[in-house]
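Engineer: If you scroll down you'll find the structure; I have some questions about it.
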Amino acid sequence: MKIQMNVNGQERILDVPPLRRLIDILREDMGLVAAKIGCGEGECGACNVLVDGEAVSACLIPAVQIDGCRIVTLEGLATSNDDALAALHGAFLEHDASQCGACIPGIVMTCRGMFDDLRNRRPSEAEVRGLLAGHLCRCTGYEAIVRGILKWLEMKSEP
Ligand code: FES
Ligand code: FES
């Protein structure tokens with residue numbers, strides 16, 4: 001089937017099987033490999049990207065569901081001078097949040113997807129841990145990741 005979508009600001013028209021997964025379209029058809037394939041079953045969050053502004057697991061989304069959608073991957077954020085991404089990057093670096101790094105792109109996309117919701121309030125540590133509930137870090141680096149996100153939210157709250 002033919003689908004049309006906007007990927008990182010560019011209009012794209014693709015001819016793909018209706019059930020081809022978004023993660024495979026991004027990684028194999030478009031060479032956008034920041035989103036990773038972990039579980040392939042919607043449980044680890046490694047493949048998260050933004051679809052119409054909301055973080056979703058791209059391994060669960062078939063082509064038929066993304067016709068007409070706006071997709072943003074980490075590559076798109078990285079080339080868009082995104083202030084929120086830069087601040088999160090700095091906070092993760094400061095707290096050594098990334099070990100092997102496999103889980104980080106998905107976590108970044110989830111955080112970025114929540115930006116509008118989080119920008120006017122400072123959620124509790126428990127809420128931040130809840131935010132990470134859909135993400136698995138095989139390096140068990142959760143504590144550093146939580147500290148990094150809390151630092152990011154602190155920075156966003158500064159005048
Ligand atoms: S690979 Fe998609 S949620 Fe794990
Ligand atoms: S840093 Fe290695 S899986 Fe999270």
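Identifiers in this document derive from the order of the structure tokens: chains are assigned A, B, ..., residues are numbered from 1 separately in each chain, and ligands are numbered from 1 in order of occurrence.
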Which polymer residues have any atom within 12 Å of an atom of Arg129 (chain A), counting only C-alpha atoms, with same-chain residues fewer than 6 positions away left out, as a list of chain:residue names?
Structural biologist: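 Within the cut-off, the hits are A:Ile107, A:Cys111, A:Pro123, A:His135, A:Leu136, A:Tyr142, A:Glu143, A:Ala144, A:Ile145, A:Val146, A:Arg147, A:Gly148, A:Ile149, A:Leu150.
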Engineer: Please produce a file of those selected residues containing N, CA and C atoms, as a PDB file, in the first residue's frame.
Structural biologist:
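Now in again-v8.pdb:
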```pdb
ATOM      1  N   ILE A 107      14.366   6.276  25.734  1.00  0.00           N
ATOM      2  CA  ILE A 107      14.051   7.064  26.931  1.00  0.00           C
ATOM      3  C   ILE A 107      14.035   8.556  26.594  1.00  0.00           C
ATOM      4  N   CYS A 111      10.896  11.091  27.132  1.00  0.00           N
ATOM      5  CA  CYS A 111      11.024  12.357  27.886  1.00  0.00           C
ATOM      6  C   CYS A 111      10.621  13.532  27.001  1.00  0.00           C
ATOM      7  N   PRO A 123       7.618  17.179  38.345  1.00  0.00           N
ATOM      8  CA  PRO A 123       7.056  15.933  38.879  1.00  0.00           C
ATOM      9  C   PRO A 123       7.961  15.327  39.950  1.00  0.00           C
ATOM     10  N   HIS A 135      10.266   1.186  30.043  1.00  0.00           N
ATOM     11  CA  HIS A 135      11.621   1.074  29.494  1.00  0.00           C
ATOM     12  C   HIS A 135      12.448   0.071  30.282  1.00  0.00           C
ATOM     13  N   LEU A 136      13.171  -0.757  29.557  1.00  0.00           N
ATOM     14  CA  LEU A 136      14.083  -1.695  30.200  1.00  0.00           C
ATOM     15  C   LEU A 136      15.511  -1.269  29.910  1.00  0.00           C
ATOM     16  N   TYR A 142      19.167   2.459  36.029  1.00  0.00           N
ATOM     17  CA  TYR A 142      17.982   3.288  36.304  1.00  0.00           C
ATOM     18  C   TYR A 142      18.266   4.464  37.225  1.00  0.00           C
ATOM     19  N   GLU A 143      19.090   4.234  38.257  1.00  0.00           N
ATOM     20  CA  GLU A 143      19.295   5.310  39.233  1.00  0.00           C
ATOM     21  C   GLU A 143      19.912   6.536  38.558  1.00  0.00           C
ATOM     22  N   ALA A 144      20.936   6.311  37.733  1.00  0.00           N
ATOM     23  CA  ALA A 144      21.592   7.433  37.052  1.00  0.00           C
ATOM     24  C   ALA A 144      20.638   8.084  36.050  1.00  0.00           C
ATOM     25  N   ILE A 145      19.817   7.288  35.399  1.00  0.00           N
ATOM     26  CA  ILE A 145      18.856   7.836  34.427  1.00  0.00           C
ATOM     27  C   ILE A 145      17.819   8.700  35.149  1.00  0.00           C
ATOM     28  N   VAL A 146      17.328   8.208  36.284  1.00  0.00           N
ATOM     29  CA  VAL A 146      16.347   8.987  37.063  1.00  0.00           C
ATOM     30  C   VAL A 146      16.979  10.294  37.532  1.00  0.00           C
ATOM     31  N   ARG A 147      18.232  10.227  38.023  1.00  0.00           N
ATOM     32  CA  ARG A 147      18.909  11.457  38.462  1.00  0.00           C
ATOM     33  C   ARG A 147      19.072  12.435  37.303  1.00  0.00           C
ATOM     34  N   GLY A 148      19.392  11.897  36.136  1.00  0.00           N
ATOM     35  CA  GLY A 148      19.553  12.756  34.967  1.00  0.00           C
ATOM     36  C   GLY A 148      18.248  13.439  34.585  1.00  0.00           C
ATOM     37  N   ILE A 149      17.153  12.697  34.618  1.00  0.00           N
ATOM     38  CA  ILE A 149      15.852  13.295  34.251  1.00  0.00           C
ATOM     39  C   ILE A 149      15.446  14.343  35.285  1.00  0.00           C
ATOM     40  N   LEU A 150      15.678  14.045  36.565  1.00  0.00           N
ATOM     41  CA  LEU A 150      15.331  15.026  37.605  1.00  0.00           C
ATOM     42  C   LEU A 150      16.157  16.302  37.430  1.00  0.00           C
TER      43      LEU A 150
END
```
Engineer: Counting only C-alpha atoms and all ligand atoms, which protein, DNA or RNA residues come within 7 Å of ligand 2, given as number ranges by chain?
Structural biologist: A: 98-104, 136-141
Engineer: Would you save the residues from that selection as a PDB file, in the first residue's frame, using C-alpha atoms?
Structural biologist:
```pdb
ATOM      1  CA  SER A  98      24.286   6.126  29.583  1.00  0.00           C
ATOM      2  CA  GLN A  99      26.256   2.902  29.877  1.00  0.00           C
ATOM      3  CA  CYS A 100      25.945   0.797  26.698  1.00  0.00           C
ATOM      4  CA  GLY A 101      23.423   3.361  25.475  1.00  0.00           C
ATOM      5  CA  ALA A 102      20.966   0.913  23.916  1.00  0.00           C
ATOM      6  CA  CYS A 103      17.999   2.072  25.974  1.00  0.00           C
ATOM      7  CA  ILE A 104      18.793   5.786  25.918  1.00  0.00           C
ATOM      8  CA  LEU A 136      14.083  -1.695  30.200  1.00  0.00           C
ATOM      9  CA  CYS A 137      17.741  -0.914  30.822  1.00  0.00           C
ATOM     10  CA  ARG A 138      19.797  -4.093  30.620  1.00  0.00           C
ATOM     11  CA  CYS A 139      22.732  -2.272  32.210  1.00  0.00           C
ATOM     12  CA  THR A 140      20.459  -1.598  35.201  1.00  0.00           C
ATOM     13  CA  GLY A 141      21.353   2.078  35.076  1.00  0.00           C
TER      14      GLY A 141
END
```
Engineer: Let's see if you can do this: from backbone DSSP, list all strand (DSSP E or B) residues in region 15-93 of chain A, as a ChimeraX atom specification.
Structural biologist: /A:15,21,48-51,54-57,62,70-72
Engineer: Print the selection's residues with C-alpha atoms to a file, as a PDB file, in the first residue's frame.
Structural biologist:
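As written to disk, out23.pdb reads:
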```
ATOM      1  CA  ASP A  15       4.964   1.700  -1.009  1.00  0.00           C
ATOM      2  CA  ARG A  21       6.414  -2.277  11.264  1.00  0.00           C
ATOM      3  CA  ASN A  48      10.247   4.675  20.906  1.00  0.00           C
ATOM      4  CA  VAL A  49       9.724   7.530  18.462  1.00  0.00           C
ATOM      5  CA  LEU A  50       7.266  10.404  18.359  1.00  0.00           C
ATOM      6  CA  VAL A  51       4.109   9.904  16.298  1.00  0.00           C
ATOM      7  CA  GLU A  54       3.394  11.228  21.362  1.00  0.00           C
ATOM      8  CA  ALA A  55       6.075   8.685  22.229  1.00  0.00           C
ATOM      9  CA  VAL A  56       5.087   5.238  20.963  1.00  0.00           C
ATOM     10  CA  SER A  57       6.823   1.912  20.459  1.00  0.00           C
ATOM     11  CA  PRO A  62       2.049  -1.185  11.371  1.00  0.00           C
ATOM     12  CA  ARG A  70       4.131  13.121  11.603  1.00  0.00           C
ATOM     13  CA  ILE A  71       7.056  11.005  12.781  1.00  0.00           C
ATOM     14  CA  VAL A  72      10.034  12.375  14.690  1.00  0.00           C
TER      15      VAL A  72
END
```
Engineer: Counting only C-alpha atoms and all ligand atoms, what are the residues, protein, DNA or RNA alike, that approach ligand 1 to within 8 Å? I want them as a JSON list (two decimals) with N, CA and C atoms, in the first residue's frame.
Structural biologist:
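Resulting contents of selection_31.json:
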```json
[["chain", "number", "residue", "atom", "x", "y", "z"],
["A", 23, "ILE", "N", 9.17, 0.50, 12.92],
["A", 23, "ILE", "CA", 10.59, 0.41, 13.25],
["A", 23, "ILE", "C", 11.40, -0.10, 12.07],
["A", 36, "LYS", "N", 16.12, 1.70, 18.49],
["A", 36, "LYS", "CA", 16.67, 0.34, 18.49],
["A", 36, "LYS", "C", 15.55, -0.71, 18.53],
["A", 37, "ILE", "N", 15.91, -1.93, 18.13],
["A", 37, "ILE", "CA", 14.97, -3.04, 18.30],
["A", 37, "ILE", "C", 15.48, -3.88, 19.47],
["A", 38, "GLY", "N", 14.69, -3.90, 20.54],
["A", 38, "GLY", "CA", 15.05, -4.71, 21.70],
["A", 38, "GLY", "C", 14.17, -5.95, 21.73],
["A", 39, "CYS", "N", 13.06, -5.83, 22.43],
["A", 39, "CYS", "CA", 12.16, -6.98, 22.60],
["A", 39, "CYS", "C", 11.33, -7.25, 21.35],
["A", 40, "GLY", "N", 11.01, -6.21, 20.60],
["A", 40, "GLY", "CA", 10.14, -6.37, 19.44],
["A", 40, "GLY", "C", 8.70, -6.64, 19.81],
["A", 41, "GLU", "N", 8.37, -6.47, 21.09],
["A", 41, "GLU", "CA", 7.02, -6.80, 21.56],
["A", 41, "GLU", "C", 6.38, -5.69, 22.39],
["A", 42, "GLY", "N", 6.93, -4.49, 22.31],
["A", 42, "GLY", "CA", 6.31, -3.38, 23.02],
["A", 42, "GLY", "C", 6.59, -3.32, 24.51],
["A", 43, "GLU", "N", 7.66, -4.00, 24.95],
["A", 43, "GLU", "CA", 7.91, -4.04, 26.39],
["A", 43, "GLU", "C", 9.15, -3.31, 26.86],
["A", 44, "CYS", "N", 10.07, -2.98, 25.94],
["A", 44, "CYS", "CA", 11.34, -2.42, 26.42],
["A", 44, "CYS", "C", 11.51, -0.93, 26.14],
["A", 45, "GLY", "N", 10.76, -0.37, 25.21],
["A", 45, "GLY", "CA", 10.82, 1.06, 24.92],
["A", 45, "GLY", "C", 12.02, 1.49, 24.09],
["A", 46, "ALA", "N", 12.87, 0.54, 23.67],
["A", 46, "ALA", "CA", 14.08, 0.91, 22.92],
["A", 46, "ALA", "C", 13.75, 1.52, 21.56],
["A", 47, "CYS", "N", 12.57, 1.22, 21.06],
["A", 47, "CYS", "CA", 12.21, 1.65, 19.69],
["A", 47, "CYS", "C", 11.32, 2.90, 19.70],
["A", 48, "ASN", "N", 11.20, 3.55, 20.83],
["A", 48, "ASN", "CA", 10.25, 4.68, 20.91],
["A", 48, "ASN", "C", 10.62, 5.84, 19.99],
["A", 57, "SER", "N", 5.88, 2.97, 20.82],
["A", 57, "SER", "CA", 6.82, 1.91, 20.46],
["A", 57, "SER", "C", 6.65, 1.57, 18.98],
["A", 58, "ALA", "N", 7.68, 1.87, 18.20],
["A", 58, "ALA", "CA", 7.58, 1.71, 16.74],
["A", 58, "ALA", "C", 7.52, 0.25, 16.32],
["A", 59, "CYS", "N", 7.85, -0.67, 17.24],
["A", 59, "CYS", "CA", 7.77, -2.09, 16.87],
["A", 59, "CYS", "C", 6.33, -2.59, 16.88],
["A", 60, "LEU", "N", 5.43, -1.78, 17.43],
["A", 60, "LEU", "CA", 4.03, -2.20, 17.52],
["A", 60, "LEU", "C", 3.15, -1.52, 16.48],
["A", 134, "GLY", "N", 7.88, 1.89, 31.17],
["A", 134, "GLY", "CA", 7.84, 1.16, 29.88],
["A", 134, "GLY", "C", 9.20, 0.97, 29.25],
["A", 135, "HIS", "N", 10.27, 1.19, 30.04],
["A", 135, "HIS", "CA", 11.62, 1.07, 29.49],
["A", 135, "HIS", "C", 12.45, 0.07, 30.28]]
```
Engineer: What's the separation between CA of Arg12 (chain A) and CA of Glu75 (chain A), in Å to one decimal place?
Structural biologist: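 Rounded to one decimal, the two atoms are 15.8 Å apart.
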Engineer: Let's see if you can do this: from backbone DSSP, list all alpha helix (DSSP H) residues in chain A, as a tab-separated table (two decimals) with C-alpha atoms, in the first residue's frame.
Structural biologist:
```
chain	number	residue	atom	x	y	z
A	22	LEU	CA	7.28	1.37	11.64
A	23	ILE	CA	10.59	0.41	13.25
A	24	ASP	CA	11.57	-1.56	10.13
A	74	LEU	CA	16.12	11.07	17.57
A	75	GLU	CA	17.94	11.98	14.36
A	76	GLY	CA	15.27	14.59	13.68
A	77	LEU	CA	15.59	16.08	17.15
A	78	ALA	CA	19.37	16.07	16.97
A	83	ASP	CA	16.69	23.08	23.39
A	84	ALA	CA	14.91	20.44	25.45
A	85	LEU	CA	17.03	17.71	23.89
A	86	ALA	CA	20.24	19.65	24.50
A	87	ALA	CA	19.31	20.15	28.16
A	88	LEU	CA	18.45	16.47	28.60
A	89	HIS	CA	21.69	15.45	26.89
A	90	GLY	CA	23.65	17.66	29.30
A	91	ALA	CA	21.86	16.25	32.33
A	92	PHE	CA	22.48	12.65	31.19
A	93	LEU	CA	26.16	13.40	30.63
A	94	GLU	CA	26.47	15.01	34.05
A	104	ILE	CA	18.79	5.79	25.92
A	105	PRO	CA	17.31	6.85	22.53
A	106	GLY	CA	13.92	5.43	23.51
A	107	ILE	CA	14.05	7.06	26.93
A	108	VAL	CA	15.01	10.39	25.37
A	109	MET	CA	12.03	10.21	23.02
A	110	THR	CA	9.67	9.40	25.89
A	111	CYS	CA	11.02	12.36	27.89
A	112	ARG	CA	10.79	14.65	24.87
A	113	GLY	CA	7.23	13.49	24.22
A	115	PHE	CA	8.01	17.90	27.56
A	116	ASP	CA	4.83	19.94	27.16
A	117	ASP	CA	3.22	18.09	30.04
A	118	LEU	CA	6.23	18.47	32.31
A	125	GLU	CA	10.82	11.26	41.70
A	126	ALA	CA	8.08	8.63	41.88
A	127	GLU	CA	6.44	10.13	38.78
A	128	VAL	CA	9.74	10.09	36.94
A	129	ARG	CA	10.18	6.43	37.84
A	130	GLY	CA	6.66	5.87	36.51
A	131	LEU	CA	7.68	7.58	33.28
A	142	TYR	CA	17.98	3.29	36.30
A	143	GLU	CA	19.29	5.31	39.23
A	144	ALA	CA	21.59	7.43	37.05
A	145	ILE	CA	18.86	7.84	34.43
A	146	VAL	CA	16.35	8.99	37.06
A	147	ARG	CA	18.91	11.46	38.46
A	148	GLY	CA	19.55	12.76	34.97
A	149	ILE	CA	15.85	13.30	34.25
A	150	LEU	CA	15.33	15.03	37.61
A	151	LYS	CA	18.27	17.31	36.84
A	152	TRP	CA	16.78	18.03	33.39
A	153	LEU	CA	13.49	19.01	34.98
A	154	GLU	CA	15.32	21.22	37.49
A	155	MET	CA	17.08	23.00	34.62
A	156	LYS	CA	13.79	23.50	32.81
A	157	SER	CA	12.29	25.07	35.93
```
Engineer: For Leu14 (chain A), which of A:Ile61, A:Ile66, A:Ala133, A:Ala34 is the closest residue, counting only C-alpha atoms?
Structural biologist: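 Of A:Ile61, A:Ile66, A:Ala133, A:Ala34, the one nearest Leu14 (chain A), counting only C-alpha atoms, is A:Ile66.
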Engineer: Do you have the CA of Asp52 (chain A)-CA of Cys69 (chain A) distance handy?
Structural biologist: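 Separation between CA of Asp52 (chain A) and CA of Cys69 (chain A): 6.1 Å.
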Engineer: Tell me which of A:Leu26, A:Asp67, A:Thr73, A:Gly31 sits closest to Asn8 (chain A), counting only C-alpha atoms.
Structural biologist: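 Between A:Leu26, A:Asp67, A:Thr73, A:Gly31, the residue approaching Asn8 (chain A) most closely is A:Thr73.
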